[in-house]
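Source file: upload.pdb; contents: PDB, C-alpha atoms.
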MODEL        1
ATOM      1  CA  MET A   1       6.547  56.324  -9.012
ATOM      2  CA  THR A   2       9.171  57.511  -6.648
ATOM      3  CA  GLU A   3      12.827  56.682  -6.996
ATOM      4  CA  PRO A   4      14.394  56.539  -3.531
ATOM      5  CA  THR A   5      18.052  55.602  -3.365
ATOM      6  CA  ALA A   6      18.671  51.880  -3.301
ATOM      7  CA  HIS A   7      21.199  50.804  -0.675
ATOM      8  CA  ARG A   8      23.646  47.946  -0.880
ATOM      9  CA  PRO A   9      23.174  45.368   1.878
ATOM     10  CA  ASP A  10      26.180  44.974   4.175
ATOM     11  CA  ASP A  11      25.570  41.320   4.893
ATOM     12  CA  GLU A  12      24.752  39.473   1.716
ATOM     13  CA  SER A  13      24.292  36.221   3.662
ATOM     14  CA  GLY A  14      21.223  37.670   5.374
ATOM     15  CA  SER A  15      18.339  39.761   4.137
ATOM     16  CA  THR A  16      17.608  43.236   2.934
ATOM     17  CA  VAL A  17      14.389  45.252   2.906
ATOM     18  CA  CYS A  18      12.465  45.556  -0.354
ATOM     19  CA  VAL A  19       9.876  48.331  -0.455
ATOM     20  CA  PHE A  20       6.868  48.025  -2.774
ATOM     21  CA  ALA A  21       4.724  51.055  -2.071
ATOM     22  CA  VAL A  22       3.402  53.647   0.360
ATOM     23  CA  CYS A  23      -0.226  54.080   1.393
ATOM     24  CA  PRO A  24      -2.048  55.975   4.157
ATOM     25  CA  ALA A  25      -1.620  54.334   7.550
ATOM     26  CA  SER A  26      -5.297  54.968   8.251
ATOM     27  CA  ALA A  27      -6.297  52.810   5.269
ATOM     28  CA  ALA A  28      -3.521  50.211   5.439
ATOM     29  CA  PRO A  29      -4.784  46.814   4.207
ATOM     30  CA  VAL A  30      -4.383  43.362   5.699
ATOM     31  CA  LEU A  31      -1.572  41.638   3.795
ATOM     32  CA  SER A  32      -1.720  38.135   5.263
ATOM     33  CA  GLY A  33      -2.460  36.497   1.902
ATOM     34  CA  VAL A  34       0.023  38.502  -0.192
ATOM     35  CA  ALA A  35       3.115  36.500  -1.160
ATOM     36  CA  GLY A  36       5.605  39.096  -2.429
ATOM     37  CA  HIS A  37       8.926  37.945  -3.872
ATOM     38  CA  THR A  38       9.773  34.255  -3.884
ATOM     39  CA  GLY A  39      12.022  33.305  -0.981
ATOM     40  CA  GLY A  40      11.198  36.417   1.002
ATOM     41  CA  GLY A  41       9.510  36.849   4.330
ATOM     42  CA  PRO A  42       5.935  37.988   4.937
ATOM     43  CA  VAL A  43       4.858  41.209   3.283
ATOM     44  CA  ARG A  44       4.393  43.695   6.114
ATOM     45  CA  LEU A  45       3.708  47.308   6.952
ATOM     46  CA  LEU A  46       6.133  49.793   8.486
ATOM     47  CA  THR A  47       4.790  52.965  10.072
ATOM     48  CA  ALA A  48       6.174  56.318   8.945
ATOM     49  CA  GLY A  49       3.972  58.908  10.659
ATOM     50  CA  PRO A  50       0.698  59.114   8.701
ATOM     51  CA  LEU A  51       2.024  56.652   6.122
ATOM     52  CA  ALA A  52       2.400  52.901   5.879
ATOM     53  CA  VAL A  53       5.383  51.477   4.008
ATOM     54  CA  VAL A  54       4.709  48.128   2.317
ATOM     55  CA  ALA A  55       7.866  46.051   2.688
ATOM     56  CA  GLN A  56       9.306  42.553   2.681
ATOM     57  CA  ASP A  57      12.569  41.020   3.835
ATOM     58  CA  VAL A  58      14.193  39.399   0.787
ATOM     59  CA  PRO A  59      17.389  37.316   0.445
ATOM     60  CA  ALA A  60      20.264  39.773   0.204
ATOM     61  CA  ALA A  61      22.237  37.433  -2.048
ATOM     62  CA  ASP A  62      19.430  37.391  -4.642
ATOM     63  CA  PHE A  63      19.122  41.184  -4.632
ATOM     64  CA  ALA A  64      22.787  42.146  -4.330
ATOM     65  CA  PRO A  65      24.218  44.613  -6.888
ATOM     66  CA  GLU A  66      26.457  41.847  -8.237
ATOM     67  CA  THR A  67      23.606  39.403  -8.902
ATOM     68  CA  LEU A  68      20.444  41.430  -9.415
ATOM     69  CA  PRO A  69      21.290  42.859 -12.881
ATOM     70  CA  GLU A  70      22.060  39.377 -14.163
ATOM     71  CA  ARG A  71      18.824  37.998 -12.707
ATOM     72  CA  LEU A  72      16.710  40.762 -14.206
ATOM     73  CA  GLY A  73      18.559  40.373 -17.505
ATOM     74  CA  ASP A  74      16.779  37.037 -17.891
ATOM     75  CA  PRO A  75      13.363  37.858 -19.462
ATOM     76  CA  ALA A  76      11.589  35.065 -17.564
ATOM     77  CA  GLU A  77      13.093  36.145 -14.241
ATOM     78  CA  LEU A  78      12.336  39.804 -14.926
ATOM     79  CA  GLU A  79       8.714  38.960 -15.718
ATOM     80  CA  ARG A  80       8.371  36.892 -12.554
ATOM     81  CA  CYS A  81       9.843  39.617 -10.344
ATOM     82  CA  ALA A  82       7.722  42.286 -11.999
ATOM     83  CA  ARG A  83       4.570  40.216 -11.541
ATOM     84  CA  ASP A  84       5.362  39.614  -7.856
ATOM     85  CA  HIS A  85       6.021  43.326  -7.369
ATOM     86  CA  HIS A  86       2.840  44.380  -9.161
ATOM     87  CA  ALA A  87       0.720  41.804  -7.300
ATOM     88  CA  VAL A  88       1.635  43.395  -3.966
ATOM     89  CA  ILE A  89       0.854  46.906  -5.222
ATOM     90  CA  THR A  90      -2.462  45.741  -6.693
ATOM     91  CA  ALA A  91      -3.439  44.102  -3.402
ATOM     92  CA  VAL A  92      -2.829  47.365  -1.533
ATOM     93  CA  ALA A  93      -4.687  49.408  -4.178
ATOM     94  CA  ARG A  94      -7.874  47.381  -3.659
ATOM     95  CA  THR A  95      -8.506  49.169  -0.371
ATOM     96  CA  ALA A  96      -6.283  52.261  -0.325
ATOM     97  CA  PRO A  97      -4.635  54.844  -2.565
ATOM     98  CA  VAL A  98      -1.066  53.819  -3.253
ATOM     99  CA  VAL A  99       2.196  55.289  -4.505
ATOM    100  CA  PRO A 100       4.159  52.433  -6.120
ATOM    101  CA  PHE A 101       7.935  52.194  -5.841
ATOM    102  CA  PRO A 102      10.174  50.982  -8.687
ATOM    103  CA  LEU A 103      10.968  47.289  -8.928
ATOM    104  CA  ALA A 104      13.643  46.124  -6.459
ATOM    105  CA  THR A 105      13.862  49.270  -4.312
ATOM    106  CA  LEU A 106      16.116  48.127  -1.458
ATOM    107  CA  TYR A 107      17.152  49.452   1.955
ATOM    108  CA  LEU A 108      19.579  48.198   4.567
ATOM    109  CA  SER A 109      16.987  48.186   7.336
ATOM    110  CA  ASP A 110      13.436  49.058   8.291
ATOM    111  CA  GLU A 111      14.754  52.241   9.898
ATOM    112  CA  ARG A 112      16.330  53.426   6.648
ATOM    113  CA  ALA A 113      13.211  52.667   4.645
ATOM    114  CA  VAL A 114      11.030  54.547   7.117
ATOM    115  CA  ALA A 115      13.432  57.495   7.228
ATOM    116  CA  ALA A 116      13.450  57.785   3.417
ATOM    117  CA  VAL A 117       9.649  57.900   3.309
ATOM    118  CA  ALA A 118       9.310  60.204   6.325
ATOM    119  CA  GLU A 119      11.672  62.692   4.687
ATOM    120  CA  ARG A 120       9.097  63.259   1.931
ATOM    121  CA  ALA A 121       5.974  62.560   3.951
ATOM    122  CA  ARG A 122       4.221  65.768   2.890
ATOM    123  CA  ASP A 123       4.741  64.936  -0.801
ATOM    124  CA  PHE A 124       3.441  61.402  -0.311
ATOM    125  CA  VAL A 125       0.363  62.658   1.537
ATOM    126  CA  ARG A 126      -0.343  65.203  -1.211
ATOM    127  CA  VAL A 127      -0.170  62.581  -3.966
ATOM    128  CA  LEU A 128      -2.163  60.000  -2.004
ATOM    129  CA  ASP A 129      -4.920  62.506  -1.337
ATOM    130  CA  ARG A 130      -5.090  63.224  -5.049
ATOM    131  CA  LEU A 131      -5.341  59.524  -5.911
ATOM    132  CA  ARG A 132      -8.011  58.713  -3.341
ATOM    133  CA  HIS A 133     -11.175  57.190  -4.887
ATOM    134  CA  ARG A 134      -9.590  57.352  -8.337
ATOM    135  CA  ALA A 135      -8.035  54.909 -10.784
ATOM    136  CA  GLU A 136      -6.105  54.994 -14.028
ATOM    137  CA  TRP A 137      -7.867  54.171 -17.281
ATOM    138  CA  GLY A 138      -6.369  53.792 -20.725
ATOM    139  CA  VAL A 139      -7.768  55.050 -24.014
ATOM    140  CA  LYS A 140      -6.073  53.716 -27.126
ATOM    141  CA  VAL A 141      -6.874  54.814 -30.656
ATOM    142  CA  THR A 142      -5.564  52.857 -33.640
ATOM    143  CA  ALA A 143      -5.904  53.505 -37.339
ATOM    144  CA  ALA A 144      -8.894  51.752 -38.887
ATOM    145  CA  PRO A 145      -7.976  48.991 -41.311
ATOM    146  CA  GLY A 146      -7.762  50.624 -44.735
ATOM    147  CA  ALA A 147      -9.856  49.436 -47.627
ATOM    148  CA  PRO A 148      -8.431  51.269 -50.641
ATOM    149  CA  ALA A 149      -9.788  50.555 -54.077
ATOM    150  CA  PRO A 150      -7.653  48.162 -56.114
ATOM    151  CA  ALA A 151      -4.943  50.049 -57.922
ATOM    152  CA  ALA A 152      -4.909  49.941 -61.688
ATOM    153  CA  PRO A 153      -1.975  47.926 -63.024
ATOM    154  CA  GLU A 154       0.992  50.076 -63.960
ATOM    155  CA  PRO A 155       2.157  49.824 -67.556
ATOM    156  CA  ALA A 156       5.591  48.274 -67.892
ATOM    157  CA  ALA A 157       6.872  51.308 -69.760
ATOM    158  CA  PRO A 158       4.681  54.388 -69.351
ATOM    159  CA  ALA A 159       4.388  56.296 -72.545
ATOM    160  CA  ASP A 160       4.380  59.583 -70.708
ATOM    161  CA  GLY A 161       6.906  59.821 -67.876
ATOM    162  CA  ARG A 162       5.365  63.021 -66.561
ATOM    163  CA  ALA A 163       1.920  61.387 -66.293
ATOM    164  CA  TYR A 164       3.423  58.435 -64.429
ATOM    165  CA  LEU A 165       5.181  60.705 -61.899
ATOM    166  CA  ALA A 166       1.971  62.671 -61.449
ATOM    167  CA  ARG A 167       0.135  59.452 -60.561
ATOM    168  CA  VAL A 168       2.846  58.508 -58.064
ATOM    169  CA  ARG A 169       2.700  61.945 -56.441
ATOM    170  CA  GLY A 170      -1.092  61.749 -56.345
ATOM    171  CA  ARG A 171      -1.050  58.429 -54.506
ATOM    172  CA  GLN A 172       1.515  59.753 -52.037
ATOM    173  CA  GLN A 173      -0.589  62.844 -51.395
ATOM    174  CA  GLU A 174      -3.667  60.682 -50.870
ATOM    175  CA  ARG A 175      -1.828  58.548 -48.269
ATOM    176  CA  GLU A 176      -0.641  61.656 -46.441
ATOM    177  CA  GLU A 177      -4.155  63.094 -46.404
ATOM    178  CA  ARG A 178      -5.541  59.844 -44.970
ATOM    179  CA  GLN A 179      -2.866  59.879 -42.267
ATOM    180  CA  GLU A 180      -3.629  63.494 -41.398
ATOM    181  CA  VAL A 181      -7.342  62.730 -41.075
ATOM    182  CA  ALA A 182      -6.555  59.757 -38.837
ATOM    183  CA  TRP A 183      -4.377  61.889 -36.533
ATOM    184  CA  ARG A 184      -7.067  64.576 -36.349
ATOM    185  CA  THR A 185      -9.611  61.896 -35.478
ATOM    186  CA  ALA A 186      -7.420  60.650 -32.617
ATOM    187  CA  GLU A 187      -7.097  64.222 -31.332
ATOM    188  CA  ARG A 188     -10.874  64.582 -31.407
ATOM    189  CA  VAL A 189     -11.228  61.433 -29.298
ATOM    190  CA  TYR A 190      -8.591  62.612 -26.814
ATOM    191  CA  ALA A 191     -10.221  66.034 -26.461
ATOM    192  CA  ALA A 192     -13.541  64.367 -25.642
ATOM    193  CA  VAL A 193     -12.428  61.678 -23.176
ATOM    194  CA  ARG A 194     -10.038  63.847 -21.189
ATOM    195  CA  ARG A 195     -12.957  66.022 -20.130
ATOM    196  CA  THR A 196     -14.147  63.109 -17.977
ATOM    197  CA  ALA A 197     -10.835  62.920 -16.096
ATOM    198  CA  VAL A 198      -9.067  64.737 -13.290
ATOM    199  CA  ALA A 199      -5.853  64.534 -15.314
ATOM    200  CA  ALA A 200      -4.719  63.052 -18.612
ATOM    201  CA  ARG A 201      -1.364  62.052 -20.033
ATOM    202  CA  ARG A 202      -0.161  60.999 -23.441
ATOM    203  CA  LEU A 203       1.985  57.901 -23.215
ATOM    204  CA  ARG A 204       4.401  56.641 -25.844
ATOM    205  CA  PRO A 205       2.446  54.828 -28.583
ATOM    206  CA  GLN A 206       2.929  51.087 -28.458
ATOM    207  CA  ASP A 207       5.028  49.522 -31.184
ATOM    208  CA  PRO A 208       2.754  47.441 -33.449
ATOM    209  CA  VAL A 209       5.550  44.880 -33.777
ATOM    210  CA  LEU A 210       5.392  44.155 -30.030
ATOM    211  CA  GLY A 211       1.672  43.524 -30.321
ATOM    212  CA  GLY A 212       2.064  41.087 -33.166
ATOM    213  CA  GLY A 213       1.665  43.645 -35.900
ATOM    214  CA  GLY A 214      -1.573  45.313 -36.841
ATOM    215  CA  PRO A 215      -2.733  48.900 -37.265
ATOM    216  CA  ARG A 216      -0.585  51.810 -36.109
ATOM    217  CA  GLN A 217      -1.468  53.301 -32.728
ATOM    218  CA  LEU A 218      -2.489  56.939 -33.028
ATOM    219  CA  LEU A 219      -3.095  57.633 -29.332
ATOM    220  CA  ASN A 220      -2.078  55.943 -26.095
ATOM    221  CA  ALA A 221      -3.565  58.023 -23.297
ATOM    222  CA  ALA A 222      -3.813  57.549 -19.536
ATOM    223  CA  LEU A 223      -6.686  59.140 -17.624
ATOM    224  CA  LEU A 224      -6.970  59.665 -13.878
ATOM    225  CA  LEU A 225     -10.660  59.080 -13.298
ATOM    226  CA  ASP A 226     -12.995  59.320 -10.305
ATOM    227  CA  HIS A 227     -14.485  55.892  -9.668
ATOM    228  CA  HIS A 228     -18.036  57.133 -10.214
ATOM    229  CA  ARG A 229     -17.196  58.378 -13.738
ATOM    230  CA  ALA A 230     -16.031  55.033 -15.127
ATOM    231  CA  ALA A 231     -19.400  54.258 -16.692
ATOM    232  CA  GLU A 232     -19.465  57.731 -18.224
ATOM    233  CA  LEU A 233     -16.101  57.120 -19.901
ATOM    234  CA  ARG A 234     -17.217  53.777 -21.329
ATOM    235  CA  GLU A 235     -20.445  55.272 -22.624
ATOM    236  CA  LEU A 236     -18.626  58.205 -24.201
ATOM    237  CA  ALA A 237     -16.056  55.937 -25.854
ATOM    238  CA  GLY A 238     -18.861  53.777 -27.241
ATOM    239  CA  SER A 239     -20.630  56.832 -28.626
ATOM    240  CA  LEU A 240     -17.459  58.093 -30.267
ATOM    241  CA  ALA A 241     -16.704  54.670 -31.742
ATOM    242  CA  ALA A 242     -20.186  54.548 -33.258
ATOM    243  CA  ASP A 243     -19.795  57.930 -34.952
ATOM    244  CA  PRO A 244     -19.327  57.190 -38.678
ATOM    245  CA  ALA A 245     -16.941  60.142 -39.042
ATOM    246  CA  ILE A 246     -14.656  58.494 -36.463
ATOM    247  CA  ALA A 247     -15.253  54.852 -37.304
ATOM    248  CA  ARG A 248     -14.059  55.394 -40.888
ATOM    249  CA  HIS A 249     -10.615  56.355 -39.641
ATOM    250  CA  ALA A 250     -10.021  54.977 -36.139
ATOM    251  CA  ARG A 251     -10.767  52.253 -33.608
ATOM    252  CA  ILE A 252     -11.135  53.064 -29.891
ATOM    253  CA  GLU A 253     -10.242  50.801 -26.979
ATOM    254  CA  VAL A 254     -10.804  51.567 -23.285
ATOM    255  CA  THR A 255      -8.860  49.628 -20.645
ATOM    256  CA  GLY A 256      -8.895  49.720 -16.876
ATOM    257  CA  PRO A 257      -9.239  50.316 -14.058
ATOM    258  CA  TRP A 258      -5.533  50.153 -13.215
ATOM    259  CA  VAL A 259      -3.298  51.218 -10.369
ATOM    260  CA  PRO A 260      -2.554  54.876 -11.256
ATOM    261  CA  TYR A 261       1.146  54.439 -12.009
ATOM    262  CA  SER A 262       1.076  57.315 -14.507
ATOM    263  CA  PHE A 263      -0.082  59.788 -11.853
ATOM    264  CA  ALA A 264       1.743  58.633  -8.717
ATOM    265  CA  ARG A 265       5.113  60.329  -9.111
ATOM    266  CA  LEU A 266       6.179  62.753  -6.426
ATOM    267  CA  ASP A 267       7.953  64.982  -8.949
ATOM    268  CA  GLN A 268       4.782  65.646 -10.946
ATOM    269  CA  CYS A 269       3.125  68.860  -9.849
ATOM    270  CA  ASP A 270      -0.602  69.404 -10.160
ATOM    271  CA  GLU A 271      -0.087  72.397 -12.442
ATOM    272  CA  GLU A 272       1.707  70.247 -15.031
ATOM    273  CA  GLU A 273      -1.036  67.636 -15.026
ATOM    274  CA  ARG A 274      -3.779  70.229 -15.385
ATOM    275  CA  ALA A 275      -1.871  71.904 -18.211
ATOM    276  CA  ASP A 276      -1.601  68.575 -20.061
ATOM    277  CA  ALA A 277      -5.329  68.030 -19.584
ATOM    278  CA  VAL A 278      -6.314  71.244 -21.328
ATOM    279  CA  LEU A 279      -3.808  71.300 -24.202
TER     280      LEU A 279
ENDMDL
END

Mind turning this structure into structure tokens?
Amino acid sequence: MTEPTAHRPDDESGSTVCVFAVCPASAAPVLSGVAGHTGGGPVRLLTAGPLAVVAQDVPAADFAPETLPERLGDPAELERCARDHHAVITAVARTAPVVPFPLATLYLSDERAVAAVAERARDFVRVLDRLRHRAEWGVKVTAAPGAPAPAAPEPAAPADGRAYLARVRGRQQEREERQEVAWRTAERVYAAVRRTAVAARRLRPQDPVLGGGGPRQLLNAALLLDHHRAAELRELAGSLAADPAIARHARIEVTGPWVPYSFARLDQCDEEERADAVL
């Protein structure tokens, strides 16, 4: 995503311009049924040379610097705003490549929004060309549920302290070896699936607590995939998941297709993405 400078509206009794995304003007979608943010005007397109800027007039008072942080500090309000924002971007992505903007990117006027995009038009065009006919897919690998043999009950007072410590060290070493095998298994999966993609990125593993507990996530990867290779990715993931050497240690989940948020930043150069894909 890009991060253009947000501008404070001069007249907080009126409206300000919220920008959602940029797409090619030649592939700009019809947005008549897209709602945008509650209380705002129609979602519309602004022309910036070869680009179309997806924008909406929103109440300045609701998006003012004095009120917006408090609004977005409310989890329910943040979720609602994020869903509205994402719904617009998803609607555009159905028919055109898209570079999403961060939530609540604001400008004083249409002219300022267009000028900010036009200033980096070449970068936008380069990224949009790269995203054309492609989508983001996720590959997640989690540790397989363990099924260790029941441990023998420990004596209340081991007769031999050295033997007891040796057993403790042995169990610790066994756990570490299982963890190492699980990580190597996740790396094997990543090495295989990234060969189907134009680019691949490792994302921060998801916290099991946020997902209601469960196995630890070993890999959280994003793939930029040509549309025609989606079936190939699913088939490959299914084959890997059925491999007994993998299934003993890991579970594989494929998600998508998604808007390619992970690959739509203007400050990401192609060389960096290719380097990540071959590491």

Please, what distance in Å, to one decimal, runs between atom CA of Val54 of chain A and atom CA of Leu224 of chain A? 23.1 Å

Applied to this file, what does the PyMOL selection byres ((chain A and resi 89) around 8) return in terms of residues, put as a compact mmCIF listing (two decimals) with C-alpha atoms, keeping the file's coordinate frame?
# COMPACT_ATOMS: atom_id res chain seq x y z
CA PHE A 20 6.87 48.02 -2.77
CA ALA A 21 4.72 51.06 -2.07
CA HIS A 85 6.02 43.33 -7.37
CA HIS A 86 2.84 44.38 -9.16
CA ALA A 87 0.72 41.80 -7.30
CA VAL A 88 1.64 43.40 -3.97
CA THR A 90 -2.46 45.74 -6.69
CA ALA A 91 -3.44 44.10 -3.40
CA VAL A 92 -2.83 47.36 -1.53
CA ALA A 93 -4.69 49.41 -4.18
CA VAL A 98 -1.07 53.82 -3.25
CA PRO A 100 4.16 52.43 -6.12
CA VAL A 259 -3.30 51.22 -10.37

Pick from A:Arg120, A:Arg188, A:Lys140, A:His37: nearest to Pro205 of chain A, with all atoms listed in the file counted? A:Lys140

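Comparing A:Val58, A:Leu225, A:Val53, A:Arg122 by their smallest distance to Gly41 of chain A, the closest is A:Val58 (using all atoms listed in the file).
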
Applying 12 Å and all atoms listed in the file, which residues near Thr16 of chain A remain after dropping the ones on its own chain fewer than 6 positions away? List them as an MDAnalysis selection string. chainID A and resid 6:10 40:41 55:65 104:113

With C-alpha atoms retained, could you export that selection as an mmCIF file, in the coordinates of the input?
data_model
loop_
_atom_site.group_PDB
_atom_site.id
_atom_site.type_symbol
_atom_site.label_atom_id
_atom_site.label_comp_id
_atom_site.auth_asym_id
_atom_site.auth_seq_id
_atom_site.Cartn_x
_atom_site.Cartn_y
_atom_site.Cartn_z
ATOM 1 C CA ALA A 6 18.671 51.880 -3.301
ATOM 2 C CA HIS A 7 21.199 50.804 -0.675
ATOM 3 C CA ARG A 8 23.646 47.946 -0.880
ATOM 4 C CA PRO A 9 23.174 45.368 1.878
ATOM 5 C CA ASP A 10 26.180 44.974 4.175
ATOM 6 C CA GLY A 40 11.198 36.417 1.002
ATOM 7 C CA GLY A 41 9.510 36.849 4.330
ATOM 8 C CA ALA A 55 7.866 46.051 2.688
ATOM 9 C CA GLN A 56 9.306 42.553 2.681
ATOM 10 C CA ASP A 57 12.569 41.020 3.835
ATOM 11 C CA VAL A 58 14.193 39.399 0.787
ATOM 12 C CA PRO A 59 17.389 37.316 0.445
ATOM 13 C CA ALA A 60 20.264 39.773 0.204
ATOM 14 C CA ALA A 61 22.237 37.433 -2.048
ATOM 15 C CA ASP A 62 19.430 37.391 -4.642
ATOM 16 C CA PHE A 63 19.122 41.184 -4.632
ATOM 17 C CA ALA A 64 22.787 42.146 -4.330
ATOM 18 C CA PRO A 65 24.218 44.613 -6.888
ATOM 19 C CA ALA A 104 13.643 46.124 -6.459
ATOM 20 C CA THR A 105 13.862 49.270 -4.312
ATOM 21 C CA LEU A 106 16.116 48.127 -1.458
ATOM 22 C CA TYR A 107 17.152 49.452 1.955
ATOM 23 C CA LEU A 108 19.579 48.198 4.567
ATOM 24 C CA SER A 109 16.987 48.186 7.336
ATOM 25 C CA ASP A 110 13.436 49.058 8.291
ATOM 26 C CA GLU A 111 14.754 52.241 9.898
ATOM 27 C CA ARG A 112 16.330 53.426 6.648
ATOM 28 C CA ALA A 113 13.211 52.667 4.645
#

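Note that atom CA of Val198 of chain A and atom CA of Ala144 of chain A are 28.7 Å apart.
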
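In this model, the gap between atom CA of Val254 of chain A and atom CA of Glu136 of chain A comes to 10.9 Å.
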
Given the PyMOL selection byres ((chain A and resi 182) around 12), the residues it picks as a PyMOL selection string: chain A and resi 141-146+175-181+183-189+215-219+245-251

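Counting all atoms listed in the file and comparing A:Glu77, A:Phe263, A:Asp226, A:Glu232, the residue that lies closest to Leu203 of chain A is A:Phe263.
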
Could you tell me, as JSON, numbers by chain, which residues have any atom at most 7 Å from (2.1, 56.9, 0.8), counting all atoms listed in the file? {"A": [22, 23, 24, 51, 52, 98, 99, 124, 125, 128]}

Which residues fall under the PyMOL selection byres ((chain A and resi 133) around 7) in this file, as a PyMOL selection string? chain A and resi 131-132+134+226-227
